[in-house]
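S.K.: File follows, input-v3.pdb with PDB, C-alpha atoms:
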ATOM      1  CA  MET A 981     -49.141 -14.601 -13.617
ATOM      2  CA  LYS A 982     -48.640 -18.175 -14.626
ATOM      3  CA  ALA A 983     -51.423 -20.451 -15.844
ATOM      4  CA  ARG A 984     -51.080 -24.196 -15.414
ATOM      5  CA  ILE A 985     -53.420 -25.668 -18.011
ATOM      6  CA  THR A 986     -54.505 -29.290 -18.173
ATOM      7  CA  ILE A 987     -56.170 -30.609 -21.319
ATOM      8  CA  THR A 988     -57.954 -33.945 -21.183
ATOM      9  CA  LEU A 989     -60.032 -35.967 -23.610
ATOM     10  CA  LYS A 990     -63.758 -35.786 -22.996
ATOM     11  CA  PRO A 991     -65.377 -38.892 -21.528
ATOM     12  CA  GLY A 992     -66.425 -41.254 -24.304
ATOM     13  CA  VAL A 993     -63.691 -40.134 -26.715
ATOM     14  CA  LEU A 994     -61.545 -43.137 -27.565
ATOM     15  CA  ASP A 995     -57.970 -42.813 -26.289
ATOM     16  CA  PRO A 996     -55.817 -45.511 -27.930
ATOM     17  CA  GLN A 997     -52.655 -44.024 -26.400
ATOM     18  CA  GLY A 998     -54.117 -44.288 -22.893
ATOM     19  CA  LYS A 999     -55.044 -47.885 -23.677
ATOM     20  CA  ALA A1000     -51.511 -48.675 -24.817
ATOM     21  CA  ILE A1001     -50.103 -47.119 -21.636
ATOM     22  CA  ALA A1002     -52.476 -49.217 -19.522
ATOM     23  CA  GLY A1003     -51.304 -52.325 -21.392
ATOM     24  CA  ALA A1004     -47.650 -51.446 -20.747
ATOM     25  CA  LEU A1005     -48.319 -50.832 -17.066
ATOM     26  CA  HIS A1006     -50.032 -54.208 -16.805
ATOM     27  CA  ALA A1007     -47.039 -55.815 -18.545
ATOM     28  CA  LEU A1008     -44.781 -54.242 -15.909
ATOM     29  CA  GLY A1009     -46.802 -55.961 -13.219
ATOM     30  CA  PHE A1010     -48.959 -53.041 -12.066
ATOM     31  CA  GLY A1011     -52.006 -55.218 -11.679
ATOM     32  CA  ALA A1012     -54.066 -52.553  -9.937
ATOM     33  CA  VAL A1013     -54.076 -50.309 -13.021
ATOM     34  CA  GLY A1014     -57.503 -49.748 -14.509
ATOM     35  CA  ASN A1015     -58.445 -47.257 -17.182
ATOM     36  CA  VAL A1016     -55.708 -44.802 -18.293
ATOM     37  CA  ARG A1017     -56.399 -41.526 -20.071
ATOM     38  CA  GLN A1018     -53.652 -39.373 -21.551
ATOM     39  CA  GLY A1019     -53.773 -35.586 -21.752
ATOM     40  CA  LYS A1020     -51.601 -32.489 -22.104
ATOM     41  CA  TYR A1021     -50.142 -30.043 -19.606
ATOM     42  CA  ILE A1022     -49.206 -26.523 -20.701
ATOM     43  CA  GLU A1023     -47.730 -23.629 -18.689
ATOM     44  CA  VAL A1024     -48.366 -20.124 -19.973
ATOM     45  CA  GLU A1025     -46.924 -16.958 -18.481
ATOM     46  CA  VAL A1026     -49.342 -14.052 -18.790
ATOM     47  CA  ALA A1027     -48.197 -10.458 -18.328
ATOM     48  CA  GLU A1028     -51.298  -9.550 -16.374
ATOM     49  CA  SER A1029     -51.573  -8.923 -12.644
ATOM     50  CA  ASP A1030     -55.363  -8.832 -12.387
ATOM     51  CA  PRO A1031     -56.583 -12.428 -11.829
ATOM     52  CA  ALA A1032     -59.978 -11.832 -13.444
ATOM     53  CA  ARG A1033     -58.424 -10.474 -16.614
ATOM     54  CA  ALA A1034     -55.792 -13.232 -16.666
ATOM     55  CA  ARG A1035     -58.550 -15.815 -16.280
ATOM     56  CA  ALA A1036     -60.486 -14.353 -19.209
ATOM     57  CA  GLU A1037     -57.336 -14.355 -21.350
ATOM     58  CA  VAL A1038     -56.479 -17.961 -20.517
ATOM     59  CA  GLU A1039     -59.999 -19.112 -21.298
ATOM     60  CA  ARG A1040     -59.880 -17.432 -24.693
ATOM     61  CA  MET A1041     -56.518 -19.102 -25.382
ATOM     62  CA  CYS A1042     -57.964 -22.492 -24.496
ATOM     63  CA  GLU A1043     -61.087 -21.988 -26.599
ATOM     64  CA  GLN A1044     -59.258 -20.627 -29.644
ATOM     65  CA  LEU A1045     -56.152 -22.764 -29.772
ATOM     66  CA  LEU A1046     -54.928 -24.801 -26.823
ATOM     67  CA  ALA A1047     -57.869 -27.214 -26.631
ATOM     68  CA  ASN A1048     -60.051 -28.620 -29.363
ATOM     69  CA  THR A1049     -63.337 -28.435 -27.495
ATOM     70  CA  ILE A1050     -64.967 -30.999 -29.783
ATOM     71  CA  ILE A1051     -62.935 -33.724 -28.083
ATOM     72  CA  GLU A1052     -61.117 -32.052 -25.193
ATOM     73  CA  ASN A1053     -61.892 -30.403 -21.864
ATOM     74  CA  TYR A1054     -59.564 -27.913 -20.241
ATOM     75  CA  ALA A1055     -58.927 -26.796 -16.675
ATOM     76  CA  TYR A1056     -56.386 -24.363 -15.292
ATOM     77  CA  GLU A1057     -54.930 -22.861 -12.146
ATOM     78  CA  LEU A1058     -53.446 -19.399 -11.883
ATOM     79  CA  GLU A1059     -50.542 -18.527  -9.690
ATOM     80  CA  ALA A1060     -48.495 -15.376  -9.147
ATOM     81  CA  ALA A1061     -45.458 -15.668 -11.390
TER
ATOM     82  CA  MET B 319     -59.339 -23.430 -63.991
ATOM     83  CA  LYS B 320     -56.917 -21.390 -61.896
ATOM     84  CA  ALA B 321     -55.812 -23.141 -58.745
ATOM     85  CA  SER B 322     -53.745 -22.090 -55.750
ATOM     86  CA  VAL B 323     -51.868 -24.478 -53.491
ATOM     87  CA  ILE B 324     -51.157 -23.220 -49.973
ATOM     88  CA  VAL B 325     -47.696 -24.134 -48.711
ATOM     89  CA  PHE B 326     -47.060 -24.350 -44.965
ATOM     90  CA  PRO B 327     -43.719 -25.045 -43.318
ATOM     91  CA  GLY B 328     -43.823 -28.842 -43.197
ATOM     92  CA  SER B 329     -46.123 -29.360 -46.184
ATOM     93  CA  ASN B 330     -44.738 -32.230 -48.247
ATOM     94  CA  CYS B 331     -47.441 -32.998 -50.813
ATOM     95  CA  ASP B 332     -47.713 -29.485 -52.229
ATOM     96  CA  ARG B 333     -45.677 -30.342 -55.317
ATOM     97  CA  ASP B 334     -47.521 -33.633 -55.866
ATOM     98  CA  ALA B 335     -50.752 -31.635 -55.795
ATOM     99  CA  ALA B 336     -49.289 -29.082 -58.200
ATOM    100  CA  VAL B 337     -48.242 -31.810 -60.662
ATOM    101  CA  ALA B 338     -51.689 -33.434 -60.565
ATOM    102  CA  LEU B 339     -53.399 -30.059 -61.001
ATOM    103  CA  GLU B 340     -51.169 -29.077 -63.898
ATOM    104  CA  ALA B 341     -51.780 -32.421 -65.600
ATOM    105  CA  ALA B 342     -55.530 -31.821 -65.370
ATOM    106  CA  THR B 343     -55.672 -28.100 -66.109
ATOM    107  CA  GLY B 344     -52.701 -27.551 -68.393
ATOM    108  CA  GLN B 345     -51.441 -24.710 -66.214
ATOM    109  CA  ALA B 346     -49.301 -24.639 -63.122
ATOM    110  CA  PRO B 347     -51.152 -23.580 -59.967
ATOM    111  CA  ALA B 348     -49.997 -20.624 -57.880
ATOM    112  CA  MET B 349     -47.996 -21.713 -54.845
ATOM    113  CA  VAL B 350     -48.949 -19.473 -51.910
ATOM    114  CA  TRP B 351     -46.737 -19.306 -48.820
ATOM    115  CA  HIS B 352     -48.448 -19.547 -45.411
ATOM    116  CA  GLY B 353     -47.229 -16.104 -44.307
ATOM    117  CA  ASP B 354     -48.945 -14.384 -47.234
ATOM    118  CA  SER B 355     -52.240 -12.739 -46.494
ATOM    119  CA  GLU B 356     -53.276 -12.528 -50.133
ATOM    120  CA  ILE B 357     -54.183 -15.341 -52.511
ATOM    121  CA  PRO B 358     -54.435 -14.713 -56.268
ATOM    122  CA  ALA B 359     -57.880 -14.992 -57.857
ATOM    123  CA  SER B 360     -58.526 -18.750 -57.787
ATOM    124  CA  ASP B 361     -61.270 -21.133 -58.874
ATOM    125  CA  LEU B 362     -59.895 -23.716 -56.451
ATOM    126  CA  ILE B 363     -57.712 -23.603 -53.344
ATOM    127  CA  VAL B 364     -55.843 -26.737 -52.270
ATOM    128  CA  LEU B 365     -54.527 -27.379 -48.766
ATOM    129  CA  PRO B 366     -51.940 -30.112 -49.322
ATOM    130  CA  GLY B 367     -50.761 -33.019 -47.210
ATOM    131  CA  GLY B 368     -47.783 -32.960 -44.913
ATOM    132  CA  PHE B 369     -46.944 -32.073 -41.346
ATOM    133  CA  SER B 370     -47.559 -28.347 -41.143
ATOM    134  CA  TYR B 371     -45.711 -26.777 -38.200
ATOM    135  CA  GLY B 372     -44.493 -30.246 -37.218
ATOM    136  CA  ASP B 373     -48.000 -31.224 -36.052
ATOM    137  CA  TYR B 374     -47.315 -29.207 -32.880
ATOM    138  CA  LEU B 375     -50.163 -29.147 -30.356
ATOM    139  CA  ARG B 376     -52.563 -31.009 -32.687
ATOM    140  CA  SER B 377     -52.297 -31.844 -36.391
ATOM    141  CA  GLY B 378     -53.420 -28.770 -38.317
ATOM    142  CA  ALA B 379     -53.925 -26.581 -35.228
ATOM    143  CA  MET B 380     -51.112 -24.145 -35.871
ATOM    144  CA  ALA B 381     -51.716 -23.921 -39.629
ATOM    145  CA  ALA B 382     -55.382 -23.165 -39.000
ATOM    146  CA  HIS B 383     -54.348 -19.868 -37.412
ATOM    147  CA  SER B 384     -51.667 -18.852 -39.930
ATOM    148  CA  PRO B 385     -52.196 -15.526 -41.770
ATOM    149  CA  VAL B 386     -53.117 -17.131 -45.093
ATOM    150  CA  MET B 387     -55.881 -19.238 -43.531
ATOM    151  CA  ARG B 388     -57.944 -16.155 -42.695
ATOM    152  CA  GLU B 389     -58.156 -15.501 -46.412
ATOM    153  CA  VAL B 390     -58.813 -19.185 -47.207
ATOM    154  CA  VAL B 391     -61.701 -19.231 -44.712
ATOM    155  CA  ALA B 392     -63.110 -16.022 -46.195
ATOM    156  CA  ARG B 393     -62.894 -17.416 -49.744
ATOM    157  CA  ALA B 394     -64.462 -20.710 -48.677
ATOM    158  CA  ARG B 395     -67.343 -18.879 -47.015
ATOM    159  CA  GLY B 396     -67.705 -16.899 -50.239
ATOM    160  CA  GLY B 397     -68.171 -20.129 -52.200
ATOM    161  CA  THR B 398     -64.690 -20.828 -53.579
ATOM    162  CA  PRO B 399     -64.062 -24.589 -53.648
ATOM    163  CA  VAL B 400     -61.408 -25.622 -51.112
ATOM    164  CA  LEU B 401     -59.893 -29.107 -51.202
ATOM    165  CA  GLY B 402     -58.019 -30.283 -48.104
ATOM    166  CA  ILE B 403     -56.000 -33.474 -48.511
ATOM    167  CA  CYS B 404     -54.690 -35.326 -45.447
ATOM    168  CA  ASN B 405     -53.052 -32.576 -43.364
ATOM    169  CA  GLY B 406     -55.251 -30.187 -45.350
ATOM    170  CA  PHE B 407     -58.330 -32.039 -44.011
ATOM    171  CA  GLN B 408     -56.943 -31.689 -40.477
ATOM    172  CA  VAL B 409     -56.463 -27.950 -41.060
ATOM    173  CA  LEU B 410     -60.045 -27.613 -42.355
ATOM    174  CA  THR B 411     -61.481 -29.228 -39.221
ATOM    175  CA  GLU B 412     -59.302 -27.039 -36.988
ATOM    176  CA  THR B 413     -60.589 -23.884 -38.723
ATOM    177  CA  GLY B 414     -64.169 -25.071 -38.289
ATOM    178  CA  LEU B 415     -64.868 -25.123 -42.051
ATOM    179  CA  LEU B 416     -65.566 -28.835 -41.622
ATOM    180  CA  PRO B 417     -66.962 -30.497 -38.481
ATOM    181  CA  GLY B 418     -65.238 -33.162 -36.413
ATOM    182  CA  VAL B 419     -61.615 -33.995 -35.661
ATOM    183  CA  LEU B 420     -58.936 -36.313 -37.063
ATOM    184  CA  MET B 421     -57.596 -38.270 -34.112
ATOM    185  CA  ARG B 422     -54.683 -40.658 -33.655
ATOM    186  CA  ASN B 423     -55.199 -43.880 -35.661
ATOM    187  CA  ALA B 424     -56.777 -46.637 -33.591
ATOM    188  CA  THR B 425     -53.675 -48.782 -34.242
ATOM    189  CA  LEU B 426     -51.417 -45.915 -33.052
ATOM    190  CA  LYS B 427     -49.330 -46.573 -36.154
ATOM    191  CA  PHE B 428     -48.445 -44.421 -39.124
ATOM    192  CA  ILE B 429     -50.180 -46.152 -42.037
ATOM    193  CA  CYS B 430     -48.862 -45.790 -45.578
ATOM    194  CA  LYS B 431     -50.685 -47.952 -48.124
ATOM    195  CA  ASP B 432     -53.312 -47.982 -50.825
ATOM    196  CA  VAL B 433     -56.915 -48.268 -49.673
ATOM    197  CA  MET B 434     -60.216 -48.778 -51.423
ATOM    198  CA  LEU B 435     -62.839 -46.062 -51.158
ATOM    199  CA  ARG B 436     -66.507 -45.960 -52.045
ATOM    200  CA  VAL B 437     -67.605 -42.783 -53.813
ATOM    201  CA  GLU B 438     -70.747 -41.796 -51.919
ATOM    202  CA  ARG B 439     -71.841 -38.986 -54.259
ATOM    203  CA  ASN B 440     -71.025 -38.060 -57.820
ATOM    204  CA  ASP B 441     -73.003 -34.836 -58.033
ATOM    205  CA  THR B 442     -70.335 -32.507 -56.675
ATOM    206  CA  ALA B 443     -67.587 -30.500 -58.355
ATOM    207  CA  TYR B 444     -65.082 -33.059 -57.095
ATOM    208  CA  THR B 445     -66.726 -36.283 -58.165
ATOM    209  CA  ARG B 446     -68.736 -35.862 -61.373
ATOM    210  CA  ARG B 447     -66.281 -38.059 -63.310
ATOM    211  CA  TYR B 448     -66.915 -40.935 -60.897
ATOM    212  CA  VAL B 449     -69.935 -43.208 -60.726
ATOM    213  CA  LYS B 450     -71.975 -43.156 -57.521
ATOM    214  CA  GLY B 451     -70.920 -46.178 -55.478
ATOM    215  CA  GLU B 452     -67.772 -46.676 -57.549
ATOM    216  CA  VAL B 453     -64.876 -48.324 -55.728
ATOM    217  CA  VAL B 454     -61.599 -46.466 -56.247
ATOM    218  CA  ARG B 455     -58.040 -46.907 -55.048
ATOM    219  CA  PHE B 456     -56.329 -43.962 -53.314
ATOM    220  CA  ALA B 457     -53.214 -43.885 -51.128
ATOM    221  CA  ILE B 458     -53.200 -43.041 -47.436
ATOM    222  CA  ALA B 459     -50.197 -41.900 -45.408
ATOM    223  CA  HIS B 460     -51.102 -40.645 -41.954
ATOM    224  CA  LYS B 461     -50.972 -41.228 -38.225
ATOM    225  CA  ASP B 462     -53.818 -38.896 -37.258
ATOM    226  CA  GLY B 463     -56.593 -39.973 -39.601
ATOM    227  CA  SER B 464     -59.281 -41.419 -37.401
ATOM    228  CA  TYR B 465     -62.345 -39.315 -38.092
ATOM    229  CA  PHE B 466     -64.317 -38.463 -34.974
ATOM    230  CA  ALA B 467     -67.485 -36.457 -34.463
ATOM    231  CA  ASP B 468     -70.285 -36.802 -31.931
ATOM    232  CA  GLU B 469     -73.371 -38.839 -32.845
ATOM    233  CA  ALA B 470     -75.489 -35.764 -33.551
ATOM    234  CA  THR B 471     -72.900 -34.427 -35.992
ATOM    235  CA  LEU B 472     -72.524 -37.826 -37.677
ATOM    236  CA  ALA B 473     -76.280 -38.095 -38.062
ATOM    237  CA  ARG B 474     -76.407 -34.617 -39.571
ATOM    238  CA  LEU B 475     -73.570 -35.437 -42.021
ATOM    239  CA  GLU B 476     -75.351 -38.631 -43.095
ATOM    240  CA  GLY B 477     -78.734 -36.938 -43.341
ATOM    241  CA  GLU B 478     -77.387 -34.112 -45.472
ATOM    242  CA  GLY B 479     -75.418 -36.475 -47.734
ATOM    243  CA  ARG B 480     -72.132 -34.926 -46.727
ATOM    244  CA  VAL B 481     -70.054 -38.095 -46.512
ATOM    245  CA  ALA B 482     -67.855 -37.948 -49.610
ATOM    246  CA  PHE B 483     -65.887 -41.209 -49.349
ATOM    247  CA  ARG B 484     -65.901 -44.253 -47.096
ATOM    248  CA  TYR B 485     -63.190 -46.869 -46.612
ATOM    249  CA  CYS B 486     -64.364 -50.169 -48.073
ATOM    250  CA  ASP B 487     -63.120 -53.498 -49.374
ATOM    251  CA  GLU B 488     -62.576 -54.324 -53.051
ATOM    252  CA  LYS B 489     -66.239 -55.163 -53.488
ATOM    253  CA  GLY B 490     -67.328 -51.855 -52.016
ATOM    254  CA  GLU B 491     -68.475 -53.346 -48.711
ATOM    255  CA  VAL B 492     -67.898 -51.020 -45.771
ATOM    256  CA  THR B 493     -66.474 -53.323 -43.099
ATOM    257  CA  ASP B 494     -64.433 -52.909 -39.920
ATOM    258  CA  ASP B 495     -61.565 -54.807 -41.562
ATOM    259  CA  ALA B 496     -61.472 -52.308 -44.418
ATOM    260  CA  ASN B 497     -61.386 -49.341 -42.020
ATOM    261  CA  PRO B 498     -57.654 -48.645 -41.641
ATOM    262  CA  ASN B 499     -57.685 -46.112 -38.815
ATOM    263  CA  GLY B 500     -60.831 -46.499 -36.725
ATOM    264  CA  SER B 501     -62.762 -43.645 -38.358
ATOM    265  CA  ARG B 502     -66.356 -43.301 -37.219
ATOM    266  CA  ARG B 503     -68.676 -44.860 -39.799
ATOM    267  CA  SER B 504     -65.588 -45.535 -41.984
ATOM    268  CA  ILE B 505     -65.587 -41.901 -43.058
ATOM    269  CA  ALA B 506     -62.610 -40.996 -45.262
ATOM    270  CA  GLY B 507     -63.837 -37.608 -46.456
ATOM    271  CA  ILE B 508     -66.652 -35.101 -45.929
ATOM    272  CA  TYR B 509     -68.155 -32.009 -47.536
ATOM    273  CA  ASN B 510     -69.299 -28.737 -46.014
ATOM    274  CA  GLU B 511     -73.000 -27.742 -46.180
ATOM    275  CA  THR B 512     -72.746 -26.559 -49.786
ATOM    276  CA  GLY B 513     -70.515 -29.334 -51.122
ATOM    277  CA  THR B 514     -67.837 -26.791 -52.090
ATOM    278  CA  VAL B 515     -65.340 -27.645 -49.362
ATOM    279  CA  LEU B 516     -64.014 -31.214 -49.355
ATOM    280  CA  GLY B 517     -61.647 -32.689 -46.802
ATOM    281  CA  LEU B 518     -60.304 -36.231 -47.138
ATOM    282  CA  MET B 519     -57.467 -38.226 -45.613
ATOM    283  CA  PRO B 520     -56.594 -40.319 -48.715
ATOM    284  CA  HIS B 521     -54.403 -38.710 -51.387
ATOM    285  CA  PRO B 522     -55.957 -38.456 -54.863
ATOM    286  CA  GLU B 523     -52.797 -36.759 -56.163
ATOM    287  CA  ARG B 524     -50.658 -39.794 -55.338
ATOM    288  CA  LEU B 525     -52.509 -42.031 -57.780
ATOM    289  CA  ALA B 526     -53.151 -39.608 -60.599
ATOM    290  CA  ASP B 527     -50.651 -40.789 -63.189
ATOM    291  CA  PRO B 528     -50.060 -44.242 -64.764
ATOM    292  CA  ALA B 529     -46.385 -43.943 -63.739
ATOM    293  CA  LEU B 530     -47.568 -43.920 -60.109
ATOM    294  CA  SER B 531     -49.371 -47.251 -60.662
ATOM    295  CA  GLY B 532     -52.859 -45.836 -60.533
ATOM    296  CA  THR B 533     -55.054 -43.086 -61.960
ATOM    297  CA  ASP B 534     -58.209 -43.203 -59.843
ATOM    298  CA  GLY B 535     -57.236 -39.912 -58.192
ATOM    299  CA  ALA B 536     -56.919 -38.087 -61.520
ATOM    300  CA  LYS B 537     -60.694 -38.161 -61.993
ATOM    301  CA  MET B 538     -61.095 -35.812 -59.032
ATOM    302  CA  PHE B 539     -58.938 -33.162 -60.694
ATOM    303  CA  LEU B 540     -60.618 -33.755 -64.064
ATOM    304  CA  SER B 541     -64.017 -33.394 -62.380
ATOM    305  CA  LEU B 542     -62.924 -30.043 -60.967
ATOM    306  CA  VAL B 543     -61.691 -28.848 -64.369
ATOM    307  CA  GLU B 544     -64.965 -29.900 -65.972
ATOM    308  CA  THR B 545     -66.996 -28.064 -63.347
ATOM    309  CA  LEU B 546     -64.882 -24.960 -62.867
ATOM    310  CA  HIS B 547     -63.466 -24.645 -66.445
TER
END
Would it be possible to restate this file's structure as structure tokens?
M.R.:
Amino acid sequence: MKARITITLKPGVLDPQGKAIAGALHALGFGAVGNVRQGKYIEVEVAESDPARARAEVERMCEQLLANTIIENYAYELEAA
Amino acid sequence: MKASVIVFPGSNCDRDAAVALEAATGQAPAMVWHGDSEIPASDLIVLPGGFSYGDYLRSGAMAAHSPVMREVVARARGGTPVLGICNGFQVLTETGLLPGVLMRNATLKFICKDVMLRVERNDTAYTRRYVKGEVVRFAIAHKDGSYFADEATLARLEGEGRVAFRYCDEKGEVTDDANPNGSRRSIAGIYNETGTVLGLMPHPERLADPALSGTDGAKMFLSLVETLH
């Protein structure tokens, strides 16, 4: 299976990169742009056909390495590889 | 005092640390490669500055899970002093030995300059040669040095006296202007619960010899020698 994992900064955690992107978008004339938050997207192939077991594996990966849960939230979708 | 310096792929201050340690102790520290699972008997373990594993994923994240770090964590929990400088501080937070995270600098820039620090405590193995409240000059060189922790954690660190150093101006005043990277409460370094693990972004080893134009950092290594013999 393939996991599509999105890692985002928790609300309230300062994101200077998101701010800089918002500033650049404004400079390009995108006046409707409000707050911008930057995150990470990771695809992981998991040799596991049982969705429940794959889910458990992906969550452990996120908790142990892929996200730093002090400042980041994670979400994921599973799809058949 | 027998010291070990852990060397990761991408470490670049390991030899600076070794030189400063040798100057203070009179003997060269052991250099331990990240793939090793054994560390020689050591009174002090140093995690040096650099860009371990190219800062992939997050600064310090990959190093925190390297084979040698299991042993470093075990030694730290057993009471062995562990000093993490710059990238070493990032590794310590990623292992959970120290709370919080080092985030991208508020300016988004890599900052390489000397800064002034206020020594918050002088009753630890790292700081007994300093005076409490003393203003010292260390060098910083980082892009991910903005210390972040939630309010509850910050309050606990303050309450337990675990802030080791704060960025300040030349008079020792902790001001926003003197905070180079946006760190919460101008925190430049913190201790663990027992004061045996210290992580700090500034580099004591870079100003530990008159030839380097400053010696304020040397007192940290001399403090360690005095405490650990």
S.K.: Using all atoms listed in the file, which residues of chain A come within 12 Å of chain B, and what is the closest atom pair for each, with the distance in Å to one decimal? Give it as CSV, sorted by chain and residue number.
M.R.:
residue,atom,partner,partner_atom,distance
A:Ile987,CA,B:Leu375,CA,10.9
A:Leu989,CA,B:Met421,CA,11.0
A:Lys990,CA,B:Asp468,CA,11.1
A:Pro991,CA,B:Asp468,CA,11.7
A:Gly992,CA,B:Asp468,CA,9.6
A:Val993,CA,B:Phe466,CA,8.4
A:Leu994,CA,B:Ala424,CA,8.4
A:Asp995,CA,B:Ala424,CA,8.3
A:Pro996,CA,B:Ala424,CA,5.9
A:Gln997,CA,B:Leu426,CA,7.0
A:Gly998,CA,B:Leu426,CA,10.6
A:Lys999,CA,B:Ala424,CA,10.1
A:Ala1000,CA,B:Leu426,CA,8.7
A:Ile1001,CA,B:Leu426,CA,11.6
A:Gly1019,CA,B:Leu375,CA,11.3
A:Lys1020,CA,B:Leu375,CA,9.0
A:Tyr1021,CA,B:Leu375,CA,10.8
A:Ile1022,CA,B:Leu375,CA,10.1
A:Cys1042,CA,B:Leu375,CA,11.8
A:Glu1043,CA,B:Glu412,CA,11.7
A:Gln1044,CA,B:His383,CA,9.2
A:Leu1045,CA,B:Ala379,CA,7.0
A:Leu1046,CA,B:Leu375,CA,7.4
A:Ala1047,CA,B:Leu375,CA,8.8
A:Asn1048,CA,B:Glu412,CA,7.8
A:Thr1049,CA,B:Val419,CA,10.0
A:Ile1050,CA,B:Gly418,CA,7.0
A:Ile1051,CA,B:Val419,CA,7.7
A:Glu1052,CA,B:Val419,CA,10.7
S.K.: Take the residues from that selection and write them out as a short mmCIF file (atom, residue, chain, number, x, y, z; two decimals), keeping the file's coordinate frame, keeping C-alpha atoms.
M.R.:
data_model
loop_
_atom_site.label_atom_id
_atom_site.label_comp_id
_atom_site.auth_asym_id
_atom_site.auth_seq_id
_atom_site.Cartn_x
_atom_site.Cartn_y
_atom_site.Cartn_z
CA ILE A 987 -56.17 -30.61 -21.32
CA LEU A 989 -60.03 -35.97 -23.61
CA LYS A 990 -63.76 -35.79 -23.00
CA PRO A 991 -65.38 -38.89 -21.53
CA GLY A 992 -66.42 -41.25 -24.30
CA VAL A 993 -63.69 -40.13 -26.72
CA LEU A 994 -61.54 -43.14 -27.56
CA ASP A 995 -57.97 -42.81 -26.29
CA PRO A 996 -55.82 -45.51 -27.93
CA GLN A 997 -52.66 -44.02 -26.40
CA GLY A 998 -54.12 -44.29 -22.89
CA LYS A 999 -55.04 -47.88 -23.68
CA ALA A 1000 -51.51 -48.68 -24.82
CA ILE A 1001 -50.10 -47.12 -21.64
CA GLY A 1019 -53.77 -35.59 -21.75
CA LYS A 1020 -51.60 -32.49 -22.10
CA TYR A 1021 -50.14 -30.04 -19.61
CA ILE A 1022 -49.21 -26.52 -20.70
CA CYS A 1042 -57.96 -22.49 -24.50
CA GLU A 1043 -61.09 -21.99 -26.60
CA GLN A 1044 -59.26 -20.63 -29.64
CA LEU A 1045 -56.15 -22.76 -29.77
CA LEU A 1046 -54.93 -24.80 -26.82
CA ALA A 1047 -57.87 -27.21 -26.63
CA ASN A 1048 -60.05 -28.62 -29.36
CA THR A 1049 -63.34 -28.44 -27.50
CA ILE A 1050 -64.97 -31.00 -29.78
CA ILE A 1051 -62.94 -33.72 -28.08
CA GLU A 1052 -61.12 -32.05 -25.19
#
S.K.: Quick check, in Å to one decimal: how far apart do CA of Gly353 (chain B) and CA of Pro327 (chain B) lie?
M.R.: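 Straight-line distance from CA of Gly353 (chain B) to CA of Pro327 (chain B) works out to 9.7 Å.
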S.K.: Report the residues retrieved by the PyMOL selection byres ((chain A and resi 1058) around 7) from the displayed file, expressed as a PDB file with C-alpha atoms, in the coordinates of the input.
M.R.:
ATOM      1  CA  MET A 981     -49.141 -14.601 -13.617  1.00  0.00           C
ATOM      2  CA  LYS A 982     -48.640 -18.175 -14.626  1.00  0.00           C
ATOM      3  CA  ALA A 983     -51.423 -20.451 -15.844  1.00  0.00           C
ATOM      4  CA  ARG A 984     -51.080 -24.196 -15.414  1.00  0.00           C
ATOM      5  CA  TYR A1056     -56.386 -24.363 -15.292  1.00  0.00           C
ATOM      6  CA  GLU A1057     -54.930 -22.861 -12.146  1.00  0.00           C
ATOM      7  CA  GLU A1059     -50.542 -18.527  -9.690  1.00  0.00           C
ATOM      8  CA  ALA A1060     -48.495 -15.376  -9.147  1.00  0.00           C
TER       9      ALA A1060
END
S.K.: Need to verify the contact set: Leu401 (chain B), 6 Å, all atoms listed in the file, exclusion of same-chain residues closer than 4 positions in sequence. Can you return it as a list in words?
M.R.: Val364, Val515, Leu516 and Gly517 of chain B
S.K.: To test your reading of the syntax: which residues would the PyMOL selection byres ((chain B and resi 449-455) around 6) return for the file shown? Reply as a VMD selection string.
M.R.: chain B and resid 433 to 440 448 456 490 534
S.K.: Can I get the selected residues back with C-alpha atoms, as an mmCIF file, in the coordinates of the input?
M.R.:
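Contents of result.cif, freshly written:
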data_model
loop_
_atom_site.group_PDB
_atom_site.id
_atom_site.type_symbol
_atom_site.label_atom_id
_atom_site.label_comp_id
_atom_site.auth_asym_id
_atom_site.auth_seq_id
_atom_site.Cartn_x
_atom_site.Cartn_y
_atom_site.Cartn_z
ATOM 1 C CA VAL B 433 -56.915 -48.268 -49.673
ATOM 2 C CA MET B 434 -60.216 -48.778 -51.423
ATOM 3 C CA LEU B 435 -62.839 -46.062 -51.158
ATOM 4 C CA ARG B 436 -66.507 -45.960 -52.045
ATOM 5 C CA VAL B 437 -67.605 -42.783 -53.813
ATOM 6 C CA GLU B 438 -70.747 -41.796 -51.919
ATOM 7 C CA ARG B 439 -71.841 -38.986 -54.259
ATOM 8 C CA ASN B 440 -71.025 -38.060 -57.820
ATOM 9 C CA TYR B 448 -66.915 -40.935 -60.897
ATOM 10 C CA PHE B 456 -56.329 -43.962 -53.314
ATOM 11 C CA GLY B 490 -67.328 -51.855 -52.016
ATOM 12 C CA ASP B 534 -58.209 -43.203 -59.843
#
S.K.: Written as an MDAnalysis selection string, which residues does the PyMOL selection byres ((chain B and resi 348) around 10) give for the file shown?
M.R.: chainID B and resid 320:324 336 345:347 349:351 357:360 363
S.K.: Please measure the separation of CA of Gly368 (chain B) and CA of Gly328 (chain B), giving the value in Å to one decimal.
M.R.: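 One can read the CA of Gly368 (chain B) to CA of Gly328 (chain B) distance as 6.0 Å.
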S.K.: Got a sec: who's within 12 Å of Leu472 (chain B), counting only C-alpha atoms, leaving out chain neighbours fewer than 6 positions off, as a CSV table (one decimal) with C-alpha atoms, in the coordinates of the input?
M.R.:
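So the final result, stored in out21.csv, reads:
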chain,number,residue,atom,x,y,z
B,417,PRO,CA,-67.0,-30.5,-38.5
B,418,GLY,CA,-65.2,-33.2,-36.4
B,419,VAL,CA,-61.6,-34.0,-35.7
B,465,TYR,CA,-62.3,-39.3,-38.1
B,466,PHE,CA,-64.3,-38.5,-35.0
B,478,GLU,CA,-77.4,-34.1,-45.5
B,479,GLY,CA,-75.4,-36.5,-47.7
B,480,ARG,CA,-72.1,-34.9,-46.7
B,481,VAL,CA,-70.1,-38.1,-46.5
B,501,SER,CA,-62.8,-43.6,-38.4
B,502,ARG,CA,-66.4,-43.3,-37.2
B,503,ARG,CA,-68.7,-44.9,-39.8
B,504,SER,CA,-65.6,-45.5,-42.0
B,505,ILE,CA,-65.6,-41.9,-43.1
B,508,ILE,CA,-66.7,-35.1,-45.9
